[in-house]
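Everything on this sheet refers to the single structure shown next.
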Amino acid sequence: MMRILDRHKRDRFADFLFKGVSSFFALLIIVLMLFLFVVLAIESAPAIKAFGFKFIYSTDWNPVRASFGALPAIYGTIVLSAIAIVIAVPVSIGIAVFLTEMAPKKIRGPVGAAIELLASIPSIIYGMWGLFVFAPFLSAYVEPFLIENFGFLPLFRGTPLGIGMLPAGFILAIMIIPFISSVIRDVFLMVPPMLKESGYGMGATKFEVIWNIVIPFARSGIMGAVILGLGRALGETMAVTFMIGNSHDLSISLLDPATSISATLANEFTEAVDDIYLSGLVELGLILFAITFVVLALSKLMTMRFAPQKGRGKA
Amino acid sequence: MNDNNNHNDKIIIKGLNFYYGSKQALYNVTIAVKENEVTALIGPSGCGKTTFLRCLNRMHDLYAGNRYEGEIILDNANILDKGLDLIKLRSKIGMVFQKPTPFPMSVFDNIAFGLKLNGISKKSELAALVEKALKDSALWDEIKDRLNESALSLSGGQQQRLCIARAIAVQPDVILMDEPCSALDPVATAKIEDMMTELKRNYTVVIVTHNMQQAARVSEWTGFFMMGEVKEFDKTQKIFTTPSNQMTEDYITGRFG
């Protein structure tokens, strides 16, 4: 009897310890995030004091005159991510459909592995490849075509340089496709075979089953994949720095050189000699932090809105 | 088999062998499914009854490596012919599964799904046909106010009846049911059985069931499957009262299975 009581006591203590240790690590993440935020806030305080809201809406970025307006960088970050998502999501859905519904078993493994390998290529390699291989190709073929045929849109005016918002968006899309497509593939694999068979049983074609049944059933998972890709796209630095052209001139044309927050930081941190310049760059970092946080929080809310749908699906 | 009724043979299966890759699952199945009657398929798990059912709409073609031999004659044509249009075949043969499989869309769109596949796009026409299908499946009064809700919000029994309504909306010739009540409670099961009695006035029904009382209640004909073979196929009444095969008797009296 005594021994049993002892054992209970010991076990309760071990359980308590276990709970304590795991809570500690979980809390550590939150503390780390708060700490990051606090440091960014303190360091950017001089710039916030000096420029106020003008920092966000001014387009004048001139370190020599100590004038800092971050609109081109903020605009660049958001538009760049949007381009990357718009290109990457349909391609990723296509890849996932191919891998789950069409590819013969023999091809599935190798192609799936190749796509996942794409994710492990360092981003600077993408940047170099983009600059030396992709950019000349774009400036010789793709951009002249866009200017000629879609030049009536302000989005596609300018010189075919091969670097700028659109080229950087392309590279970024290629970089996030592996992440998005492998998550979507996993979600598609979770669609009950019986549900698809009911579609085929009604005389639906493969496309009709995928379009009307598989994709709607998987939509909350697809949203999750898009969030993952967006999170990466917002912060991606090296490849973007290579491709975007690093110009603080705000231009509506996607073919013109532009900049993003992360590219600005990567380019200018080493040059920032005076305190206000450095503080301005840190404030950019704070803004990126905030954008990422808001975007991910919003998408998370959207996923939660879709989630019950899926939870109730007993099929 | 003693054929003393006036119903025609709807589907004639002759010498059907089926293989999952190199593994043979059906051996020389030869039976005839009567028009406007319910044919029940019973037998222990893994005996091939579901495999057989899925041959009738060529569902096995979705997966690589499956192979058929023999003949399945529907309306004077062998549906195992290589060049057969599967889309057309499956719109003539509806199927209901072991669990409800509502599509992730509204109740209305679930029923309209097959109709749209068949090229009906006029709103008024769709609405009329959806209403008819729901009335035919005795669901209309229960869910007429919920047509725009997600089909996933219906109860399990309603979902399964919705799936039957979805299958009959396109007015197929034959309805295949693969243990349609296995996920349902007794009340919902009773409703589906009532439906089946209604259904056979217009359709030919083939049902796989583990529930022998159900087979006895709803069907005119019963086939007893075992290890991929049809051991006995006869009038349901005969199978359940004076089976001619010892194994059938052992199975229906619960001595194994």
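The chains in the structure tokens are called A, B, ... from first to last as shown; in each chain the residues are counted from 1, and the ligands are counted from 1 in the order shown.
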
Practice problem: Write out as a ChimeraX atom specification all residues of segment 37-185 of chain B that DSSP puts in helix (DSSP H, G or I) for this structure's backbone. | Solution: /B:49-55,59-62,86-92,107-117,123-136,140-146,151-153,156-169

Write out as a PDB file with N, CA and C atoms, in the first residue's frame the residues lying within 6 Å of segment 32-39 of chain B, counting only C-alpha atoms and excluding same-chain residues fewer than 2 positions away.
```pdb
ATOM      1  N   HIS B   7     -41.067  -9.876 -65.239  1.00  0.00           N
ATOM      2  CA  HIS B   7     -40.038  -8.847 -65.366  1.00  0.00           C
ATOM      3  C   HIS B   7     -38.915  -9.306 -66.292  1.00  0.00           C
ATOM      4  N   ASN B   8     -38.428  -8.344 -67.075  1.00  0.00           N
ATOM      5  CA  ASN B   8     -37.335  -8.669 -67.999  1.00  0.00           C
ATOM      6  C   ASN B   8     -36.000  -8.672 -67.294  1.00  0.00           C
ATOM      7  N   ASP B   9     -35.037  -9.321 -67.897  1.00  0.00           N
ATOM      8  CA  ASP B   9     -33.665  -9.222 -67.407  1.00  0.00           C
ATOM      9  C   ASP B   9     -33.125  -7.850 -67.779  1.00  0.00           C
ATOM     10  N   LYS B  10     -32.642  -7.088 -66.764  1.00  0.00           N
ATOM     11  CA  LYS B  10     -32.097  -5.761 -67.055  1.00  0.00           C
ATOM     12  C   LYS B  10     -30.600  -5.851 -67.325  1.00  0.00           C
ATOM     13  N   ILE B  11     -29.929  -6.562 -66.437  1.00  0.00           N
ATOM     14  CA  ILE B  11     -28.483  -6.743 -66.621  1.00  0.00           C
ATOM     15  C   ILE B  11     -28.203  -8.240 -66.600  1.00  0.00           C
ATOM     16  N   ILE B  12     -27.500  -8.702 -67.595  1.00  0.00           N
ATOM     17  CA  ILE B  12     -27.141 -10.119 -67.622  1.00  0.00           C
ATOM     18  C   ILE B  12     -25.624 -10.234 -67.487  1.00  0.00           C
ATOM     19  N   ILE B  13     -25.196 -10.901 -66.429  1.00  0.00           N
ATOM     20  CA  ILE B  13     -23.760 -11.056 -66.181  1.00  0.00           C
ATOM     21  C   ILE B  13     -23.384 -12.484 -66.530  1.00  0.00           C
ATOM     22  N   LYS B 200     -38.182   0.911 -56.725  1.00  0.00           N
ATOM     23  CA  LYS B 200     -38.175  -0.145 -57.733  1.00  0.00           C
ATOM     24  C   LYS B 200     -39.324  -0.012 -58.718  1.00  0.00           C
ATOM     25  N   ARG B 201     -40.277   0.900 -58.427  1.00  0.00           N
ATOM     26  CA  ARG B 201     -41.319   1.107 -59.431  1.00  0.00           C
ATOM     27  C   ARG B 201     -40.737   1.702 -60.711  1.00  0.00           C
ATOM     28  N   TYR B 203     -37.043   2.086 -61.067  1.00  0.00           N
ATOM     29  CA  TYR B 203     -35.638   1.755 -61.279  1.00  0.00           C
ATOM     30  C   TYR B 203     -35.354   0.297 -60.947  1.00  0.00           C
ATOM     31  N   THR B 204     -34.229  -0.162 -61.440  1.00  0.00           N
ATOM     32  CA  THR B 204     -33.726  -1.467 -61.058  1.00  0.00           C
ATOM     33  C   THR B 204     -32.696  -1.238 -59.957  1.00  0.00           C
ATOM     34  N   VAL B 205     -32.815  -1.958 -58.853  1.00  0.00           N
ATOM     35  CA  VAL B 205     -31.936  -1.701 -57.721  1.00  0.00           C
ATOM     36  C   VAL B 205     -31.104  -2.929 -57.408  1.00  0.00           C
ATOM     37  N   VAL B 206     -29.799  -2.712 -57.220  1.00  0.00           N
ATOM     38  CA  VAL B 206     -28.930  -3.779 -56.729  1.00  0.00           C
ATOM     39  C   VAL B 206     -28.326  -3.299 -55.426  1.00  0.00           C
ATOM     40  N   SER B 219     -35.801  -7.138 -50.830  1.00  0.00           N
ATOM     41  CA  SER B 219     -35.432  -7.635 -52.158  1.00  0.00           C
ATOM     42  C   SER B 219     -36.355  -8.731 -52.671  1.00  0.00           C
ATOM     43  N   GLU B 220     -36.368  -8.848 -54.016  1.00  0.00           N
ATOM     44  CA  GLU B 220     -37.074  -9.957 -54.657  1.00  0.00           C
ATOM     45  C   GLU B 220     -36.104 -11.101 -54.941  1.00  0.00           C
ATOM     46  N   TRP B 221     -34.862 -10.705 -55.233  1.00  0.00           N
ATOM     47  CA  TRP B 221     -33.852 -11.697 -55.575  1.00  0.00           C
ATOM     48  C   TRP B 221     -32.663 -11.529 -54.643  1.00  0.00           C
ATOM     49  N   THR B 222     -32.027 -12.672 -54.335  1.00  0.00           N
ATOM     50  CA  THR B 222     -30.853 -12.600 -53.477  1.00  0.00           C
ATOM     51  C   THR B 222     -29.743 -13.464 -54.052  1.00  0.00           C
TER      52      THR B 222
END
```

Exercise. Do a neighbour search on Gly199 of chain A at 8 Å with only C-alpha atoms, toss out local chain neighbours closer than 5 positions, and write the hits as a VMD selection string.
Key: chain A and resid 204 209 213

Output N, CA and C atoms for every residue in the selection just made, as a PDB file, in the first residue's frame.
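again34.pdb was written with the following content:
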```pdb
ATOM      1  N   ALA A 204     -19.277  12.150 -63.799  1.00  0.00           N
ATOM      2  CA  ALA A 204     -18.454  13.346 -63.911  1.00  0.00           C
ATOM      3  C   ALA A 204     -17.093  12.988 -64.509  1.00  0.00           C
ATOM      4  N   VAL A 209     -14.782  16.459 -61.319  1.00  0.00           N
ATOM      5  CA  VAL A 209     -14.611  15.979 -59.937  1.00  0.00           C
ATOM      6  C   VAL A 209     -13.616  16.867 -59.193  1.00  0.00           C
ATOM      7  N   ILE A 213     -15.512  19.081 -56.575  1.00  0.00           N
ATOM      8  CA  ILE A 213     -15.524  18.315 -55.325  1.00  0.00           C
ATOM      9  C   ILE A 213     -14.203  18.420 -54.573  1.00  0.00           C
TER      10      ILE A 213
END
```

Self-check item: Among the residues A:Asp249, A:Glu101, A:Asp6, A:Glu268, the one that comes closest to Ala64 of chain B [using only C-alpha atoms]
Solution: A:Glu101

For the contact check between chain A and chain B, emit one row per residue of chain A within 12 Å, containing the shortest atom pair and the distance in Å rounded to one decimal, counting only C-alpha atoms, chain then rising number order, as a Markdown table.
```
| residue | atom | partner | partner_atom | distance |
| --- | --- | --- | --- | --- |
| A:Glu101 | CA | B:Leu62 | CA | 9.9 |
| A:Met102 | CA | B:Leu62 | CA | 10.5 |
| A:Ala103 | CA | B:Ala64 | CA | 11.2 |
| A:Pro104 | CA | B:Ala64 | CA | 8.5 |
| A:Lys105 | CA | B:Ala64 | CA | 9.1 |
| A:Lys106 | CA | B:Ala64 | CA | 11.7 |
| A:Val191 | CA | B:Pro104 | CA | 11.1 |
| A:Pro192 | CA | B:Thr101 | CA | 9.1 |
| A:Pro193 | CA | B:Thr101 | CA | 10.0 |
| A:Met194 | CA | B:Thr101 | CA | 7.0 |
| A:Leu195 | CA | B:Thr101 | CA | 5.4 |
| A:Lys196 | CA | B:Thr101 | CA | 8.9 |
| A:Glu197 | CA | B:Met59 | CA | 7.5 |
| A:Ser198 | CA | B:Thr101 | CA | 6.9 |
| A:Gly199 | CA | B:Phe103 | CA | 8.3 |
| A:Tyr200 | CA | B:Arg90 | CA | 7.4 |
| A:Gly201 | CA | B:Arg90 | CA | 5.5 |
| A:Met202 | CA | B:Ser91 | CA | 5.3 |
| A:Gly203 | CA | B:Ile87 | CA | 4.4 |
| A:Ala204 | CA | B:Ile87 | CA | 6.5 |
| A:Thr205 | CA | B:Ile87 | CA | 6.9 |
| A:Lys206 | CA | B:Leu62 | CA | 9.9 |
| A:Phe207 | CA | B:Leu117 | CA | 11.6 |
| A:Glu208 | CA | B:Leu117 | CA | 8.5 |
| A:Val209 | CA | B:Phe103 | CA | 10.0 |
| A:Ile210 | CA | B:Phe103 | CA | 11.6 |
| A:Trp211 | CA | B:Pro104 | CA | 11.4 |
| A:Asn212 | CA | B:Phe103 | CA | 8.2 |
| A:Ile213 | CA | B:Phe103 | CA | 6.1 |
| A:Val214 | CA | B:Pro104 | CA | 8.8 |
| A:Ile215 | CA | B:Pro104 | CA | 9.4 |
| A:Pro216 | CA | B:Pro104 | CA | 6.2 |
| A:Phe217 | CA | B:Pro104 | CA | 5.7 |
| A:Ala218 | CA | B:Pro104 | CA | 9.4 |
| A:Arg219 | CA | B:Pro104 | CA | 10.0 |
| A:Ser220 | CA | B:Pro104 | CA | 11.9 |
| A:Phe306 | CA | B:Pro104 | CA | 11.6 |
| A:Pro308 | CA | B:Leu152 | CA | 10.2 |
| A:Gln309 | CA | B:Leu152 | CA | 7.5 |
| A:Lys310 | CA | B:Pro104 | CA | 8.6 |
| A:Gly311 | CA | B:Leu152 | CA | 9.6 |
| A:Arg312 | CA | B:Leu152 | CA | 6.3 |
| A:Gly313 | CA | B:Leu152 | CA | 5.8 |
| A:Lys314 | CA | B:Pro100 | CA | 7.7 |
| A:Ala315 | CA | B:Thr101 | CA | 4.9 |
```

Quiz item: Using only C-alpha atoms, which of the listed residues (B:Leu80, B:Leu162, B:Lys144, B:Asn202) sits closest to Val174 of chain B?
Solution: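 Smallest distance to Val174 of chain B is found for B:Asn202.
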
Exercise. Could you check how far atom CA of Ile85 of chain A sits from atom CA of Ile29 of chain A, in Å to one decimal?
Key: 27.9 Å
